[in-house]
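A.B. asks: As input, take upload37.pdb (PDB, C-alpha atoms and all ligand atoms):
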```
ATOM      1  CA  MET P 620     103.077 108.371 140.012
ATOM      2  CA  ARG P 621     101.085 109.738 137.126
ATOM      3  CA  LYS P 622      99.596 113.138 137.643
ATOM      4  CA  SER P 623      96.352 112.680 135.745
ATOM      5  CA  PRO P 624      93.811 110.533 137.602
ATOM      6  CA  VAL P 625      92.450 107.607 135.625
ATOM      7  CA  ASP P 626      89.939 104.919 136.374
ATOM      8  CA  ILE P 627      91.425 101.478 136.731
ATOM      9  CA  ASP P 628      88.885  98.680 136.663
ATOM     10  CA  LYS P 629      90.256  96.045 139.019
ATOM     11  CA  GLN P 630      87.374  93.722 138.183
ATOM     12  CA  ASN P 631      88.531  93.575 134.585
ATOM     13  CA  ALA P 632      91.964  92.088 133.803
ATOM     14  CA  VAL P 633      92.657  92.655 130.104
ATOM     15  CA  VAL P 634      95.812  90.547 130.423
ATOM     16  CA  ARG P 635      95.930  87.635 132.891
ATOM     17  CA  ILE P 636      99.052  85.504 133.133
ATOM     18  CA  ARG P 637      99.378  82.470 135.344
ATOM     19  CA  GLY P 638     102.354  80.161 135.898
ATOM     20  CA  LEU P 639     104.202  81.270 132.755
ATOM     21  CA  TYR P 640     107.388  79.450 131.784
ATOM     22  CA  LYS P 641     109.612  80.151 128.789
ATOM     23  CA  SER P 642     113.067  78.765 128.023
ATOM     24  CA  PHE P 643     115.317  78.818 124.974
ATOM     25  CA  ASP P 644     117.298  75.578 124.867
ATOM     26  CA  THR P 645     119.051  75.511 128.230
ATOM     27  CA  LEU P 646     118.340  79.151 129.056
ATOM     28  CA  ASP P 647     115.409  79.504 131.500
ATOM     29  CA  VAL P 648     113.995  82.991 131.030
ATOM     30  CA  LEU P 649     110.537  83.066 132.630
ATOM     31  CA  MET P 650     109.955  80.680 135.501
ATOM     32  CA  GLY P 651     106.443  80.726 136.866
ATOM     33  CA  MET P 652     105.379  84.301 136.222
ATOM     34  CA  ASP P 653     101.943  85.677 137.180
ATOM     35  CA  LEU P 654     100.553  89.033 136.107
ATOM     36  CA  ASP P 655      97.250  90.905 135.887
ATOM     37  CA  LEU P 656      96.962  94.060 133.787
ATOM     38  CA  TYR P 657      93.707  95.826 134.610
ATOM     39  CA  LYS P 658      91.629  97.876 132.241
ATOM     40  CA  GLY P 659      92.879 101.447 132.183
ATOM     41  CA  GLU P 660      96.140 100.595 133.928
ATOM     42  CA  ASN P 661      99.730 101.307 132.921
ATOM     43  CA  ILE P 662     102.071  98.685 134.334
ATOM     44  CA  VAL P 663     105.813  99.205 134.088
ATOM     45  CA  VAL P 664     108.017  96.118 133.842
ATOM     46  CA  LEU P 665     111.552  96.525 135.121
ATOM     47  CA  GLY P 666     114.421  94.080 135.194
ATOM     48  CA  ARG P 667     118.048  93.674 134.274
ATOM     49  CA  SER P 668     119.138  93.160 130.687
ATOM     50  CA  GLY P 669     118.237  89.658 129.636
ATOM     51  CA  SER P 670     115.719  89.182 132.453
ATOM     52  CA  GLY P 671     112.935  88.444 129.964
ATOM     53  CA  LYS P 672     111.002  91.705 129.615
ATOM     54  CA  SER P 673     110.789  91.636 125.823
ATOM     55  CA  VAL P 674     110.093  87.903 125.880
ATOM     56  CA  LEU P 675     107.153  88.620 128.191
ATOM     57  CA  ILE P 676     105.510  91.155 125.868
ATOM     58  CA  LYS P 677     106.165  88.971 122.807
ATOM     59  CA  LEU P 678     104.341  86.170 124.620
ATOM     60  CA  ILE P 679     101.441  88.546 125.362
ATOM     61  CA  ALA P 680     101.255  89.484 121.671
ATOM     62  CA  GLY P 681     101.369  85.829 120.642
ATOM     63  CA  LEU P 682     104.688  86.290 118.841
ATOM     64  CA  LEU P 683     106.239  83.544 120.983
ATOM     65  CA  LYS P 684     104.650  80.428 122.453
ATOM     66  CA  PRO P 685     104.852  79.663 126.178
ATOM     67  CA  ASP P 686     106.323  76.356 127.365
ATOM     68  CA  LYS P 687     103.850  76.222 130.235
ATOM     69  CA  GLY P 688     101.179  78.410 131.819
ATOM     70  CA  THR P 689      98.317  80.525 130.517
ATOM     71  CA  ILE P 690      98.119  83.970 128.950
ATOM     72  CA  ARG P 691      94.656  85.448 128.528
ATOM     73  CA  VAL P 692      94.380  88.644 126.525
ATOM     74  CA  ALA P 693      90.999  90.349 126.201
ATOM     75  CA  GLY P 694      89.466  87.119 127.504
ATOM     76  CA  GLU P 695      91.147  84.893 124.902
ATOM     77  CA  GLU P 696      93.749  82.278 125.721
ATOM     78  CA  VAL P 697      96.471  83.336 123.281
ATOM     79  CA  ASP P 698      98.112  79.936 122.968
ATOM     80  CA  ARG P 699      94.865  78.244 121.906
ATOM     81  CA  LEU P 700      93.878  80.576 119.090
ATOM     82  CA  SER P 701      93.948  79.627 115.430
ATOM     83  CA  PRO P 702      96.234  81.792 113.236
ATOM     84  CA  LYS P 703      93.163  83.743 112.041
ATOM     85  CA  GLU P 704      91.878  84.307 115.593
ATOM     86  CA  LEU P 705      95.364  85.353 116.694
ATOM     87  CA  GLN P 706      95.526  87.849 113.848
ATOM     88  CA  GLU P 707      92.194  89.315 114.990
ATOM     89  CA  LEU P 708      93.371  89.529 118.586
ATOM     90  CA  ARG P 709      96.571  91.280 117.490
ATOM     91  CA  LEU P 710      94.496  94.117 116.071
ATOM     92  CA  LYS P 711      93.566  94.935 119.666
ATOM     93  CA  ILE P 712      97.240  95.145 120.631
ATOM     94  CA  GLY P 713      99.521  98.038 119.713
ATOM     95  CA  PHE P 714     103.196  97.062 119.853
ATOM     96  CA  LEU P 715     105.802  99.823 119.908
ATOM     97  CA  TYR P 716     109.084  98.128 119.066
ATOM     98  CA  GLN P 717     112.393  99.425 120.399
ATOM     99  CA  GLY P 718     113.508 100.785 117.032
ATOM    100  CA  SER P 719     109.987 102.032 116.098
ATOM    101  CA  ALA P 720     110.124  99.619 113.103
ATOM    102  CA  LEU P 721     109.046 102.086 110.408
ATOM    103  CA  TYR P 722     109.374 101.198 106.733
ATOM    104  CA  ASP P 723     112.281 103.347 105.536
ATOM    105  CA  SER P 724     111.156 103.450 101.911
ATOM    106  CA  MET P 725     107.686 104.792 102.767
ATOM    107  CA  THR P 726     106.606 108.282 103.815
ATOM    108  CA  VAL P 727     105.037 108.848 107.215
ATOM    109  CA  ARG P 728     101.605 108.869 105.537
ATOM    110  CA  GLU P 729     102.293 105.541 103.786
ATOM    111  CA  ASN P 730     103.624 104.005 107.008
ATOM    112  CA  LEU P 731     100.368 104.931 108.724
ATOM    113  CA  GLU P 732      98.161 103.806 105.854
ATOM    114  CA  PHE P 733      99.813 100.414 105.761
ATOM    115  CA  PRO P 734      98.062  98.860 108.804
ATOM    116  CA  LEU P 735      94.782 100.470 107.741
ATOM    117  CA  VAL P 736      94.862  98.996 104.262
ATOM    118  CA  ARG P 737      95.823  95.575 105.572
ATOM    119  CA  ASN P 738      93.571  95.332 108.564
ATOM    120  CA  SER P 739      90.419  97.383 108.336
ATOM    121  CA  PRO P 740      87.431  97.243 106.021
ATOM    122  CA  PRO P 741      88.046  99.147 102.763
ATOM    123  CA  LEU P 742      88.066 102.908 103.360
ATOM    124  CA  THR P 743      87.679 105.742 100.888
ATOM    125  CA  ARG P 744      90.673 107.990 100.226
ATOM    126  CA  LYS P 745      88.967 110.689 102.325
ATOM    127  CA  GLU P 746      88.381 108.347 105.281
ATOM    128  CA  ARG P 747      91.964 107.121 105.123
ATOM    129  CA  ASP P 748      93.322 110.689 105.044
ATOM    130  CA  ALA P 749      91.112 111.611 108.005
ATOM    131  CA  ALA P 750      92.338 108.609 110.047
ATOM    132  CA  VAL P 751      95.984 109.406 109.266
ATOM    133  CA  TYR P 752      95.572 113.112 110.139
ATOM    134  CA  GLU P 753      93.755 112.293 113.375
ATOM    135  CA  VAL P 754      96.506 110.054 114.755
ATOM    136  CA  LEU P 755      99.277 112.342 113.567
ATOM    137  CA  GLU P 756      97.541 115.283 115.262
ATOM    138  CA  ASN P 757      97.277 113.226 118.437
ATOM    139  CA  VAL P 758     101.015 112.566 118.472
ATOM    140  CA  GLY P 759     101.823 116.172 117.452
ATOM    141  CA  LEU P 760     103.303 115.422 114.035
ATOM    142  CA  ALA P 761     100.724 116.447 111.441
ATOM    143  CA  GLN P 762     103.322 118.646 109.725
ATOM    144  CA  SER P 763     105.561 115.641 109.009
ATOM    145  CA  ILE P 764     103.021 113.646 107.028
ATOM    146  CA  ASP P 765     105.002 113.628 103.771
ATOM    147  CA  LYS P 766     108.459 113.152 105.295
ATOM    148  CA  MET P 767     110.566 110.017 105.000
ATOM    149  CA  PRO P 768     111.606 108.267 108.252
ATOM    150  CA  ALA P 769     115.253 109.195 107.569
ATOM    151  CA  GLU P 770     114.259 112.867 107.868
ATOM    152  CA  LEU P 771     112.843 112.382 111.384
ATOM    153  CA  SER P 772     114.596 112.563 114.757
ATOM    154  CA  GLY P 773     114.577 109.571 117.114
ATOM    155  CA  GLY P 774     111.755 111.112 119.151
ATOM    156  CA  GLN P 775     109.690 111.850 116.025
ATOM    157  CA  LYS P 776     110.161 108.256 114.842
ATOM    158  CA  LYS P 777     108.836 107.028 118.187
ATOM    159  CA  ARG P 778     105.815 109.301 117.750
ATOM    160  CA  VAL P 779     105.128 107.921 114.285
ATOM    161  CA  GLY P 780     105.579 104.387 115.669
ATOM    162  CA  ILE P 781     102.982 105.162 118.349
ATOM    163  CA  ALA P 782     100.658 106.748 115.753
ATOM    164  CA  ARG P 783     100.928 103.653 113.600
ATOM    165  CA  THR P 784      99.720 101.460 116.438
ATOM    166  CA  LEU P 785      96.959 103.911 117.415
ATOM    167  CA  ILE P 786      95.465 104.059 113.943
ATOM    168  CA  LEU P 787      93.749 100.716 114.593
ATOM    169  CA  HIS P 788      92.494 101.891 118.011
ATOM    170  CA  PRO P 789      94.084  99.134 120.134
ATOM    171  CA  ASP P 790      92.817  98.290 123.618
ATOM    172  CA  ILE P 791      96.254  97.283 124.854
ATOM    173  CA  MET P 792      99.588  98.976 124.220
ATOM    174  CA  LEU P 793     102.933  97.226 124.639
ATOM    175  CA  TYR P 794     105.856  99.654 124.757
ATOM    176  CA  ASP P 795     109.380  98.215 124.507
ATOM    177  CA  GLU P 796     111.745 100.816 125.979
ATOM    178  CA  PRO P 797     109.934 103.865 124.600
ATOM    179  CA  THR P 798     112.523 106.385 125.842
ATOM    180  CA  ALA P 799     115.702 104.418 125.098
ATOM    181  CA  GLY P 800     118.295 106.486 123.250
ATOM    182  CA  LEU P 801     116.390 109.767 123.605
ATOM    183  CA  ASP P 802     117.672 112.915 125.296
ATOM    184  CA  PRO P 803     115.938 113.845 128.598
ATOM    185  CA  ILE P 804     113.684 116.512 127.039
ATOM    186  CA  THR P 805     112.533 114.292 124.162
ATOM    187  CA  SER P 806     112.047 111.447 126.684
ATOM    188  CA  SER P 807     109.872 113.723 128.759
ATOM    189  CA  ASP P 808     107.739 114.498 125.650
ATOM    190  CA  ILE P 809     107.311 110.767 124.931
ATOM    191  CA  ILE P 810     106.358 110.157 128.577
ATOM    192  CA  THR P 811     103.692 112.861 128.279
ATOM    193  CA  LEU P 812     102.475 111.273 125.043
ATOM    194  CA  ILE P 813     102.208 107.800 126.642
ATOM    195  CA  ASN P 814      99.974 109.277 129.333
ATOM    196  CA  GLU P 815      97.932 111.211 126.756
ATOM    197  CA  VAL P 816      97.446 108.038 124.722
ATOM    198  CA  GLN P 817      96.165 106.278 127.826
ATOM    199  CA  GLN P 818      93.665 109.083 128.420
ATOM    200  CA  LYS P 819      92.517 109.651 124.834
ATOM    201  CA  TYR P 820      92.370 106.052 123.653
ATOM    202  CA  GLN P 821      91.487 104.442 127.003
ATOM    203  CA  THR P 822      94.277 101.918 126.592
ATOM    204  CA  SER P 823      95.827  99.575 129.138
ATOM    205  CA  SER P 824      99.589  99.326 128.755
ATOM    206  CA  VAL P 825     102.660  97.299 129.561
ATOM    207  CA  ILE P 826     105.699  99.573 129.460
ATOM    208  CA  ILE P 827     109.175  98.093 129.527
ATOM    209  CA  THR P 828     111.818 100.542 130.569
ATOM    210  CA  HIS P 829     115.174 100.969 132.282
ATOM    211  CA  ASP P 830     114.346 104.635 132.724
ATOM    212  CA  LEU P 831     113.009 105.233 136.219
ATOM    213  CA  THR P 832     111.846 108.722 135.343
ATOM    214  CA  CYS P 833     109.611 107.109 132.720
ATOM    215  CA  ALA P 834     108.599 104.371 135.182
ATOM    216  CA  LYS P 835     107.611 106.872 137.817
ATOM    217  CA  ALA P 836     105.705 109.135 135.446
ATOM    218  CA  THR P 837     103.810 106.507 133.454
ATOM    219  CA  GLY P 838     103.354 103.558 135.813
ATOM    220  CA  ASP P 839     100.279 103.069 137.935
ATOM    221  CA  ARG P 840     102.073  99.953 139.101
ATOM    222  CA  LEU P 841     105.638  98.731 138.729
ATOM    223  CA  ALA P 842     106.773  95.118 138.613
ATOM    224  CA  LEU P 843     110.398  94.028 138.902
ATOM    225  CA  ILE P 844     111.567  90.764 137.307
ATOM    226  CA  THR P 845     114.197  88.791 139.194
ATOM    227  CA  ASP P 846     115.067  85.192 138.319
ATOM    228  CA  GLY P 847     112.187  84.753 135.893
ATOM    229  CA  LYS P 848     109.427  85.999 138.193
ATOM    230  CA  PHE P 849     108.103  89.245 139.552
ATOM    231  CA  SER P 850     109.989  89.723 142.808
ATOM    232  CA  ARG P 851     108.472  93.103 143.688
ATOM    233  CA  GLU P 852     105.279  94.785 142.631
ATOM    234  CA  GLY P 853     103.430  97.942 143.624
ATOM    235  CA  SER P 854     103.604 101.707 143.346
ATOM    236  CA  PHE P 855     106.957 103.361 142.652
ATOM    237  CA  GLU P 856     107.295 104.091 146.350
ATOM    238  CA  GLU P 857     106.374 100.544 147.358
ATOM    239  CA  VAL P 858     108.918  99.029 144.992
ATOM    240  CA  PHE P 859     111.789 101.368 145.714
ATOM    241  CA  ARG P 860     111.414 102.731 149.221
ATOM    242  CA  THR P 861     112.362  99.443 150.784
ATOM    243  CA  GLY P 862     115.494  97.634 151.777
ATOM    244  CA  ASP P 863     115.176  95.177 148.857
ATOM    245  CA  THR P 864     118.670  94.889 147.398
ATOM    246  CA  GLU P 865     117.653  94.144 143.780
ATOM    247  CA  ALA P 866     115.323  97.170 143.746
ATOM    248  CA  LYS P 867     117.953  99.317 145.444
ATOM    249  CA  LYS P 868     120.532  98.448 142.757
ATOM    250  CA  PHE P 869     118.126  99.755 140.127
ATOM    251  CA  TYR P 870     117.326 102.900 142.012
ATOM    252  CA  ASP P 871     120.913 103.770 142.801
ATOM    253  CA  TYR P 872     121.898 103.754 139.127
ATOM    254  CA  ASN P 873     119.134 106.067 138.012
ATOM    255  CA  PHE P 874     118.768 109.759 138.506
ATOM    256  CA  ILE P 875     115.116 110.522 139.140
ATOM    257  CA  ILE P 876     113.505 113.687 137.908
ATOM    258  CA  ASP P 877     109.856 114.571 137.700
ATOM    259  CA  PRO P 878     109.042 115.324 134.053
TER     260      PRO P 878
HETATM  261  N1  LIG P 901     114.047  83.943 120.073
HETATM  262  C1  LIG P 901     115.004  83.724 120.989
HETATM  263  N2  LIG P 901     115.828  82.663 120.863
HETATM  264  C2  LIG P 901     116.781  82.427 121.793
HETATM  265  N3  LIG P 901     116.983  83.198 122.885
HETATM  266  C3  LIG P 901     116.199  84.259 123.049
HETATM  267  C4  LIG P 901     115.169  84.583 122.103
HETATM  268  N4  LIG P 901     114.535  85.711 122.543
HETATM  269  C5  LIG P 901     115.153  86.072 123.687
HETATM  270  N5  LIG P 901     116.140  85.210 124.006
HETATM  271  C6  LIG P 901     116.997  85.283 125.186
HETATM  272  O1  LIG P 901     116.141  85.420 126.318
HETATM  273  C7  LIG P 901     116.749  86.287 127.287
HETATM  274  C8  LIG P 901     115.752  87.379 127.626
HETATM  275  O2  LIG P 901     115.654  88.235 126.491
HETATM  276  P1  LIG P 901     114.815  89.582 126.508
HETATM  277  O3  LIG P 901     114.978  90.200 125.168
HETATM  278  O4  LIG P 901     113.431  89.317 126.963
HETATM  279  O5  LIG P 901     115.575  90.438 127.608
HETATM  280  P2  LIG P 901     115.213  91.871 128.161
HETATM  281  O6  LIG P 901     114.916  91.748 129.617
HETATM  282  O7  LIG P 901     114.164  92.509 127.322
HETATM  283  O8  LIG P 901     116.629  92.605 127.974
HETATM  284  P3  LIG P 901     117.033  94.106 127.561
HETATM  285  O9  LIG P 901     116.715  94.955 128.752
HETATM  286  O10 LIG P 901     118.505  94.018 127.332
HETATM  287  O11 LIG P 901     116.264  94.491 126.322
HETATM  288  C9  LIG P 901     118.046  86.780 126.680
HETATM  289  O12 LIG P 901     119.118  86.019 127.218
HETATM  290  C10 LIG P 901     117.878  86.528 125.203
HETATM  291  O13 LIG P 901     119.112  86.268 124.574
END
```
Once you've parsed the file, please lay out its structure as structure tokens.

C.D. replies:
Amino acid sequence: MRKSPVDIDKQNAVVRIRGLYKSFDTLDVLMGMDLDLYKGENIVVLGRSGSGKSVLIKLIAGLLKPDKGTIRVAGEEVDRLSPKELQELRLKIGFLYQGSALYDSMTVRENLEFPLVRNSPPLTRKERDAAVYEVLENVGLAQSIDKMPAELSGGQKKRVGIARTLILHPDIMLYDEPTAGLDPITSSDIITLINEVQQKYQTSSVIITHDLTCAKATGDRLALITDGKFSREGSFEEVFRTGDTEAKKFYDYNFIIDP
């Protein structure tokens, strides 16, 4: 479990999902899923490849439409919003994509300015610089402001990707495999950063990962998808210290270290 104590407000679900179904043609992916993400909470979603983890967070962000069920985010029913309302809601959601999704032809500074210019009221050059420096400082990369993405390591790209979501001060963070492809030491730095982000920006997060070290260190609660639903849910110990065979398969293929 995370080492730094945080307040989780169990009276306040920032994401509430009920009876969620999603299929693609004949492929049933989510089949009656329920989930509450509470304010201040980090929930880790685990599941085998193809179990629907990315589909779930795309549904939360309104990037996909559910076939059935409700998804409320920050009190709004995502599926019922107009395109303009959805765009406004998305500003409250930071989405860290698997590949960090930086624009290769722009510097780090330009990548960070991009969401600001598009989505916030007009800022002066000085205000924009201050916002960019602040987030880069918070992810430990102020010295890389004028670099191109190609000059950054995988871990640094993830940091810039996180900074780019933070620049709009989201309430909810969605992380899609934040430590995938990183060496253990860089992974450990990203894990620390995820927890720092939660503390500094008071975010609530859904973290998808196959990395149980990351799950253990970042998750206040873990939820395991099996057959389109959450089959197990609870603390790391509750999910894994049981005889459940699906959970055991996961555990047995991971080497756990405390970062
Ligand atoms: N837009 C789409 N059109 C058709 N099928 C899709 C689409 N998006 C996802 N799928 C399918 O839905 C299933 C779940 O995909 P998803 O990306 O959510 O898996 P995942 O659990 O995140 O897997 P991984 O751990 O490998 O990233 C997969 O079989 C995938 O091929």

A.B. asks: Could you list the residues chosen by the PyMOL selection byres (((chain P and resi 666) around 8) and not hetatm) in this structure as a PyMOL selection string?

C.D. replies: chain P and resi 664-665+667-668+670-672+829+843-845

A.B. asks: What do you get as a count of residues only if you pick all residues at most 12 Å from ligand LIG 901 (chain P), counting only C-alpha atoms and all ligand atoms?

C.D. replies: 49

A.B. asks: Of the candidates P:Ser854, P:Asn661, P:Gln630, P:Ser806, which shows the shortest atom-to-atom distance to Thr832 of chain P, using all atoms listed in the file?

C.D. replies: P:Ser806

A.B. asks: So the first atom is atom CA of Phe733 of chain P and the second is atom CA of Leu715 of chain P; what is the distance between them in Å, to one decimal place?

C.D. replies: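 Spanning atom CA of Phe733 of chain P to atom CA of Leu715 of chain P is a straight-line distance of 15.4 Å.
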
A.B. asks: Near Arg778 of chain P, within 12 Å and counting only C-alpha atoms, which residues show up once chain neighbours fewer than 4 positions away are dropped, as JSON, numbers by chain?

C.D. replies: {"P": [715, 716, 718, 719, 720, 721, 727, 731, 754, 755, 756, 757, 758, 759, 760, 761, 763, 764, 768, 771, 772, 773, 774, 782, 783, 784, 785, 794, 797, 798, 805, 806, 808, 809, 810, 811, 812, 813, 816]}

A.B. asks: Choose the residue, out of P:Pro803, P:Gly659, P:Gly638, P:Gly681, that has the smallest atom-to-atom separation from Ile791 of chain P; count all atoms listed in the file.

C.D. replies: P:Gly659
